[in-house]
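One structure is given below, encoded as structure tokens.
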Amino acid sequence: MTSDVVIAGAGPNGLMLACELRLAGVRPIVLEKLPERTTEPRANGLVGQVVRMLDRRGLYERLSGKPGPPQPQPGFVFGALPLRLDVLDENPLYLLSVPQRRIEEVLQERALELGAEVRRGHELIGFSQDEESVTVRISGPDGPYELQARYLVGADGGHSLTRKLAGIDFRGVTNDSMVSLAANAVVPRELVDPATGALSVPGYGVIPAFLHHRTENGLFVFAQFPDRPPLIATGEWNGAPDGPMTFDEFQQSVDRVLGVHLPVAQPNGDGPHLLRRIVGGNSRVADRYREGRVLLVGDAAHVHSAMGGPGLNLGLQDTINLGWKLAGAVQGWAPDGLLDSYEAERRPVGQRVVMQARAQAALIAPGNEVTALRELFGELLTEPRNVKRLADLISGADIRYHDGPHPLVGRWAPDLMVGESRLAELTDSGRPLLLDLTEDASFAATMTPDRIEVVAVPGEPSIALLIRPDGYVAWVAEHDGVAEQEGLRDALARWFGVPMDQERPLTSATR
Ligand SMILES: Cc1cc2nc3c(=O)[nH]c(=O)nc-3n(C[C@H](O)[C@H](O)[C@H](O)COP(=O)(O)OP(=O)(O)OC[C@H]3O[C@@H](n4cnc5c(N)ncnc54)[C@H](O)[C@@H]3O)c2cc1C
């Protein structure tokens, strides 16, 4: 059987890529080795540009369960140091507090709605490739079989077999010094502020909800949710006992980290309740994101500490960067180098996340020197421009994929109003968008093939933008003129393979 693209792994990134490919008209088959989704809790939420990106695909309300667009977060942390974001003129940090299991449910629902095929209980066990296709070997419930596809994408997590079989190195470091314990645990009710969720620990002080908090002895997190038991986590550097973790071990760690006794108890009611010990962690980036017809996304391409929750901000944006480019390669319209621009654009972002995750790890480590470093950082963070710089780094709002004559080129398209609509309401189709808000809509009359959406509404500011399907700006003009028209033709050719010598007019329907 032949398919356009086989995706190994139905985690959040494999499922999101399937949605993107379907939107672009490509047929993916998603293979998932587990017959049922795992109940093991992982992400508690999404942090950064990914929240705005999901909004631009119409998925934010579905995930948040609330009407209306995402709102920036008034505060966050970097290396357990508080960041006052409400003082910023432009706050780039958005948060969506939804457990990973729910994220996967929604993405699978959407992928199936769009017509993707998800095969559970089907494990990729090998592949071979030639110039034309990839032959994927699979172990399914009825035995082994093969699938032929134009491309294979490994979205099979940090231990990715796809990456290993493609011969791609996963360089970086394994750090086994930090022991992280996490449990669903309740504390005496009177210690929790019902308004803020902050925890008052007698003899210690107030610990804000949800944010990493460093003490002289370790790391502590307290998070209370409306629909599930509270989550408490500790981090220490003293080694771990052998054998399965016990709740008593957890209580002792809580007391050591806080330096006082805080009574914690396992929740009543049906579980499963989390009781997890993780020793150490990896921070690694794949040497290449592509080997011929095989590509990597998400944890298969990069792993790092989960501190600050950067994993899905990174991974889901890989998929939205890759989806339309891979569709171009499958459908034959991709200009030279488009598919390779996936690695060129996303690998440096992965390396940057590894850098900031390691920097945060350094800031939470024990010791007087670290305490002094934190004091200095704390002073620097009284300056809003330093706070902004870190907020841009954590959120990924500082990404500029490529230079151009206008400062917006290569950057995330700003949240403009287009008539009565938000830009995010015009991008759920995942198609490239030529947005012409100039007086005479002259750019909208430029030749554009049908696969490019054109929206022309005179507006304020009087600007025209060509926006890639992943939400990044390919071209901008603030005036009418020959130079700008040529720039638009260049950008249409560079990103969407529109021949430069095509005769006008070839305007698609306006929306
Ligand atoms: C404790 C913890 C807390 C975290 N908290 C956060 C957070 O708050 N925010 C955040 O953004 N990120 C967080 N992360 C990171 C986040 O969970 C990962 O980045 C994310 O799961 C990566 O998604 P993925 O789809 O790339 O890989 P995975 O979620 O690992 O999915 C890979 C899928 O591939 C399947 N698979 C593997 N091999 C094969 C094969 N050979 N054939 C077929 N299928 C295969 C697996 O069964 C799995 O379903 C956390 C991680 C951990 C461990």
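Labels for the structure tokens follow display order: chains A, B, ..., residues from 1 in each chain, ligands from 1.
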
May I have all residues of stretch 97-205 of chain A that DSSP, computed from the backbone, assigns to strand (DSSP E or B), given as a ChimeraX atom specification? /A:117-120,123-129,134-140,143-154,170-184,186,192,199-201,205

Within 6 Å of ligand 1, which residues show up when you count only C-alpha atoms and all ligand atoms? List them as a count of residues only, please. 33

What's around stretch 127-134 of chain A at 12 Å? Count only C-alpha atoms, leave out sequence neighbours fewer than 2 positions away in its own chain, and write the answer as JSON, numbers by chain. {"A": [1, 2, 3, 4, 5, 6, 7, 8, 123, 124, 125, 136, 137, 138, 139, 145, 146, 147, 148, 149, 150, 151, 152, 153, 154, 161, 162, 163, 164, 165, 166, 167, 291, 292, 293, 294, 295, 329, 330]}

Would you export the selected residues with N, CA, C and O atoms as a compact mmCIF listing (two decimals), in the first residue's frame, please?
# COMPACT_ATOMS: atom_id res chain seq x y z
N MET A 1 0.84 -1.20 0.00
CA MET A 1 0.00 0.00 0.00
C MET A 1 0.89 1.26 0.00
O MET A 1 1.94 1.27 0.61
N THR A 2 0.47 2.30 -0.69
CA THR A 2 1.26 3.54 -0.77
C THR A 2 0.54 4.66 -0.05
O THR A 2 -0.67 4.78 -0.14
N SER A 3 1.34 5.45 0.66
CA SER A 3 0.77 6.61 1.34
C SER A 3 1.67 7.81 1.04
O SER A 3 2.82 7.63 0.64
N ASP A 4 1.15 9.03 1.24
CA ASP A 4 2.00 10.20 1.03
C ASP A 4 3.08 10.25 2.11
O ASP A 4 4.26 10.37 1.82
N VAL A 5 2.63 10.19 3.37
CA VAL A 5 3.57 10.34 4.49
C VAL A 5 3.18 9.34 5.58
O VAL A 5 1.99 9.23 5.93
N VAL A 6 4.15 8.63 6.11
CA VAL A 6 3.93 7.82 7.31
C VAL A 6 4.55 8.56 8.48
O VAL A 6 5.69 9.06 8.38
N ILE A 7 3.78 8.69 9.56
CA ILE A 7 4.29 9.35 10.77
C ILE A 7 4.40 8.27 11.84
O ILE A 7 3.42 7.58 12.13
N ALA A 8 5.58 8.09 12.42
CA ALA A 8 5.74 7.13 13.51
C ALA A 8 5.53 7.86 14.82
O ALA A 8 6.30 8.76 15.16
N GLU A 123 3.55 -0.76 15.36
CA GLU A 123 4.86 -0.23 15.72
C GLU A 123 5.80 -0.23 14.51
O GLU A 123 5.93 -1.25 13.83
N LEU A 124 6.45 0.89 14.28
CA LEU A 124 7.50 0.92 13.25
C LEU A 124 8.67 0.07 13.76
O LEU A 124 9.13 0.29 14.88
N ILE A 125 9.11 -0.90 12.93
CA ILE A 125 10.24 -1.72 13.38
C ILE A 125 11.44 -1.61 12.43
O ILE A 125 12.51 -2.12 12.72
N VAL A 136 8.34 1.21 4.87
CA VAL A 136 8.32 1.15 6.33
C VAL A 136 7.87 -0.25 6.76
O VAL A 136 6.86 -0.76 6.26
N ARG A 137 8.63 -0.85 7.67
CA ARG A 137 8.25 -2.17 8.19
C ARG A 137 7.55 -1.99 9.53
O ARG A 137 8.03 -1.24 10.40
N ILE A 138 6.42 -2.67 9.67
CA ILE A 138 5.55 -2.42 10.82
C ILE A 138 5.16 -3.75 11.45
O ILE A 138 4.92 -4.74 10.76
N SER A 139 5.07 -3.73 12.79
CA SER A 139 4.52 -4.88 13.48
C SER A 139 3.13 -4.47 13.96
O SER A 139 2.99 -3.58 14.80
N TYR A 145 3.89 -6.18 8.52
CA TYR A 145 3.53 -5.79 7.14
C TYR A 145 4.37 -4.58 6.74
O TYR A 145 5.12 -4.05 7.55
N GLU A 146 4.22 -4.16 5.49
CA GLU A 146 5.01 -3.02 4.98
C GLU A 146 4.10 -1.95 4.41
O GLU A 146 3.01 -2.25 3.92
N LEU A 147 4.56 -0.73 4.49
CA LEU A 147 3.86 0.41 3.87
C LEU A 147 4.89 1.16 3.05
O LEU A 147 6.01 1.35 3.51
N GLN A 148 4.46 1.64 1.90
CA GLN A 148 5.37 2.49 1.11
C GLN A 148 4.87 3.92 1.18
O GLN A 148 3.66 4.15 1.12
N ALA A 149 5.78 4.86 1.35
CA ALA A 149 5.37 6.26 1.46
C ALA A 149 6.39 7.14 0.77
O ALA A 149 7.54 6.74 0.56
N ARG A 150 5.96 8.35 0.44
CA ARG A 150 6.92 9.30 -0.14
C ARG A 150 7.91 9.76 0.94
O ARG A 150 9.08 9.97 0.69
N TYR A 151 7.40 9.95 2.16
CA TYR A 151 8.26 10.41 3.26
C TYR A 151 7.87 9.68 4.55
O TYR A 151 6.71 9.28 4.72
N LEU A 152 8.84 9.59 5.45
CA LEU A 152 8.59 9.05 6.80
C LEU A 152 8.99 10.13 7.80
O LEU A 152 10.06 10.73 7.66
N VAL A 153 8.12 10.38 8.79
CA VAL A 153 8.49 11.35 9.84
C VAL A 153 8.53 10.62 11.17
O VAL A 153 7.56 9.97 11.57
N GLY A 154 9.65 10.73 11.86
CA GLY A 154 9.79 10.16 13.20
C GLY A 154 9.29 11.15 14.22
O GLY A 154 9.92 12.18 14.47
N LEU A 161 13.23 5.36 17.47
CA LEU A 161 13.86 4.31 16.65
C LEU A 161 14.12 4.86 15.25
O LEU A 161 15.12 4.52 14.61
N THR A 162 13.23 5.73 14.79
CA THR A 162 13.41 6.32 13.46
C THR A 162 14.76 7.03 13.39
O THR A 162 15.53 6.86 12.44
N ARG A 163 15.04 7.82 14.42
CA ARG A 163 16.31 8.57 14.45
C ARG A 163 17.49 7.60 14.44
O ARG A 163 18.46 7.79 13.70
N LYS A 164 17.40 6.56 15.27
CA LYS A 164 18.52 5.62 15.37
C LYS A 164 18.73 4.90 14.04
O LYS A 164 19.86 4.78 13.56
N LEU A 165 17.63 4.43 13.43
CA LEU A 165 17.76 3.68 12.17
C LEU A 165 18.23 4.58 11.03
O LEU A 165 18.85 4.11 10.07
N ALA A 166 17.93 5.88 11.13
CA ALA A 166 18.38 6.82 10.09
C ALA A 166 19.87 7.16 10.29
O ALA A 166 20.45 7.88 9.47
N GLY A 167 20.45 6.69 11.39
CA GLY A 167 21.87 6.94 11.64
C GLY A 167 22.17 8.37 12.07
O GLY A 167 23.26 8.88 11.83
N GLU A 291 17.19 12.96 6.92
CA GLU A 291 18.12 12.05 6.23
C GLU A 291 17.35 11.53 5.02
O GLU A 291 16.50 10.64 5.15
N GLY A 292 17.57 12.14 3.88
CA GLY A 292 16.86 11.74 2.66
C GLY A 292 15.37 11.99 2.81
O GLY A 292 14.92 13.12 2.97
N ARG A 293 14.59 10.91 2.78
CA ARG A 293 13.13 11.02 2.86
C ARG A 293 12.60 10.82 4.27
O ARG A 293 11.42 10.59 4.48
N VAL A 294 13.50 10.88 5.23
CA VAL A 294 13.12 10.67 6.64
C VAL A 294 13.39 11.95 7.42
O VAL A 294 14.48 12.53 7.33
N LEU A 295 12.37 12.39 8.17
CA LEU A 295 12.52 13.63 8.96
C LEU A 295 12.16 13.37 10.41
O LEU A 295 11.46 12.40 10.72
N ALA A 329 6.59 19.30 -0.95
CA ALA A 329 7.46 18.28 -1.55
C ALA A 329 6.62 17.13 -2.12
O ALA A 329 6.89 16.63 -3.21
N VAL A 330 5.58 16.73 -1.37
CA VAL A 330 4.73 15.62 -1.85
C VAL A 330 3.97 16.04 -3.09
O VAL A 330 3.86 15.29 -4.06

Residues at most 7 Å from stretch 209-217 of chain A, counting only C-alpha atoms, excluding those fewer than 2 positions away in the same chain, as a ChimeraX atom specification? /A:77,80,197-199,207,219-223,256-258,364,366

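Distance check against A:Leu59 using only C-alpha atoms: of A:Leu488, A:Ala424, A:Leu17, A:Met307, the minimum falls on A:Ala424.
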
Skip A:Arg228 itself and residues of its chain fewer than 4 positions away, then list as a ChimeraX atom specification all residues within 12 Å of it, counting only C-alpha atoms. /A:41,44,98-99,184-186,223-224,267-274

What's the 10 Å shell around A:Arg451, counting only C-alpha atoms, without same-chain residues fewer than 5 positions away, as an mmCIF file with N, CA, C and O atoms, in the first residue's frame?
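File written: selection-v8.cif
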data_model
loop_
_atom_site.group_PDB
_atom_site.id
_atom_site.type_symbol
_atom_site.label_atom_id
_atom_site.label_comp_id
_atom_site.auth_asym_id
_atom_site.auth_seq_id
_atom_site.Cartn_x
_atom_site.Cartn_y
_atom_site.Cartn_z
ATOM 1 N N ALA A 24 -3.229 20.617 4.379
ATOM 2 C CA ALA A 24 -2.539 20.935 3.122
ATOM 3 C C ALA A 24 -2.891 19.937 2.015
ATOM 4 O O ALA A 24 -2.322 19.995 0.924
ATOM 5 N N ARG A 431 -3.580 27.688 5.104
ATOM 6 C CA ARG A 431 -3.049 28.062 3.784
ATOM 7 C C ARG A 431 -2.209 29.320 3.905
ATOM 8 O O ARG A 431 -2.400 30.126 4.819
ATOM 9 N N PRO A 432 -1.285 29.531 2.952
ATOM 10 C CA PRO A 432 -0.562 30.803 2.935
ATOM 11 C C PRO A 432 -1.565 31.926 2.738
ATOM 12 O O PRO A 432 -2.583 31.729 2.063
ATOM 13 N N LEU A 433 -1.291 33.081 3.311
ATOM 14 C CA LEU A 433 -2.273 34.172 3.277
ATOM 15 C C LEU A 433 -1.622 35.456 2.780
ATOM 16 O O LEU A 433 -0.619 35.908 3.342
ATOM 17 N N PHE A 496 6.584 29.579 -2.126
ATOM 18 C CA PHE A 496 5.447 28.787 -2.608
ATOM 19 C C PHE A 496 5.603 28.327 -4.054
ATOM 20 O O PHE A 496 4.659 27.833 -4.653
ATOM 21 N N SER A 508 -6.832 34.672 -6.848
ATOM 22 C CA SER A 508 -7.807 33.721 -6.316
ATOM 23 C C SER A 508 -8.951 34.515 -5.689
ATOM 24 O O SER A 508 -8.857 35.718 -5.494
#

Using DSSP assignments from the backbone, pull out every residue in stretch 170-399 of chain A that falls under helix (DSSP H, G or I) and give it to me as a count of residues only. 89

Enter the distance from atom CA of A:Ala474 to atom CA of A:Arg385, in Å, rounded to one decimal. 27.3 Å

Who sits within 12 Å of A:Ser305, only C-alpha atoms, same chain under 2 positions skipped, as a PyMOL selection string: chain A and resi 43+79+173-176+178+180+278-284+299+302-303+307-311+353-362

Output C-alpha atoms for every residue in that selection, as a PDB file, in the first residue's frame.
ATOM      1  CA  ALA A  43       2.889  18.095  30.497  1.00  0.00           C
ATOM      2  CA  GLY A  79      15.121  29.436  36.852  1.00  0.00           C
ATOM      3  CA  VAL A 173      24.710  15.372  27.902  1.00  0.00           C
ATOM      4  CA  THR A 174      23.062  13.151  30.478  1.00  0.00           C
ATOM      5  CA  ASN A 175      22.937  14.725  33.886  1.00  0.00           C
ATOM      6  CA  ASP A 176      22.102  12.284  36.655  1.00  0.00           C
ATOM      7  CA  MET A 178      18.994  15.921  40.123  1.00  0.00           C
ATOM      8  CA  SER A 180      12.732  14.972  40.883  1.00  0.00           C
ATOM      9  CA  ILE A 278      12.802  10.827  37.863  1.00  0.00           C
ATOM     10  CA  VAL A 279      16.563  10.678  38.297  1.00  0.00           C
ATOM     11  CA  GLY A 280      18.582  13.010  36.086  1.00  0.00           C
ATOM     12  CA  GLY A 281      17.745  13.985  32.558  1.00  0.00           C
ATOM     13  CA  ASN A 282      19.072  14.331  29.055  1.00  0.00           C
ATOM     14  CA  SER A 283      19.665  17.426  27.056  1.00  0.00           C
ATOM     15  CA  ARG A 284      20.364  16.594  23.439  1.00  0.00           C
ATOM     16  CA  ASP A 299      11.249  14.879  21.204  1.00  0.00           C
ATOM     17  CA  HIS A 302      15.488  17.279  20.840  1.00  0.00           C
ATOM     18  CA  VAL A 303      15.171  16.624  24.570  1.00  0.00           C
ATOM     19  CA  MET A 307      11.619  23.081  33.574  1.00  0.00           C
ATOM     20  CA  GLY A 308       9.414  25.967  32.448  1.00  0.00           C
ATOM     21  CA  GLY A 309       7.557  23.601  30.089  1.00  0.00           C
ATOM     22  CA  PRO A 310       9.374  24.339  26.808  1.00  0.00           C
ATOM     23  CA  GLY A 311       8.862  20.853  25.264  1.00  0.00           C
ATOM     24  CA  VAL A 353      15.824  25.888  24.060  1.00  0.00           C
ATOM     25  CA  VAL A 354      18.490  23.469  25.274  1.00  0.00           C
ATOM     26  CA  MET A 355      20.651  26.495  26.158  1.00  0.00           C
ATOM     27  CA  GLN A 356      17.935  28.219  28.166  1.00  0.00           C
ATOM     28  CA  ALA A 357      16.847  24.985  29.892  1.00  0.00           C
ATOM     29  CA  ARG A 358      20.465  24.415  31.019  1.00  0.00           C
ATOM     30  CA  ALA A 359      20.725  28.033  32.183  1.00  0.00           C
ATOM     31  CA  GLN A 360      17.568  27.580  34.252  1.00  0.00           C
ATOM     32  CA  ALA A 361      18.948  24.350  35.715  1.00  0.00           C
ATOM     33  CA  ALA A 362      22.098  26.241  36.760  1.00  0.00           C
TER      34      ALA A 362
END
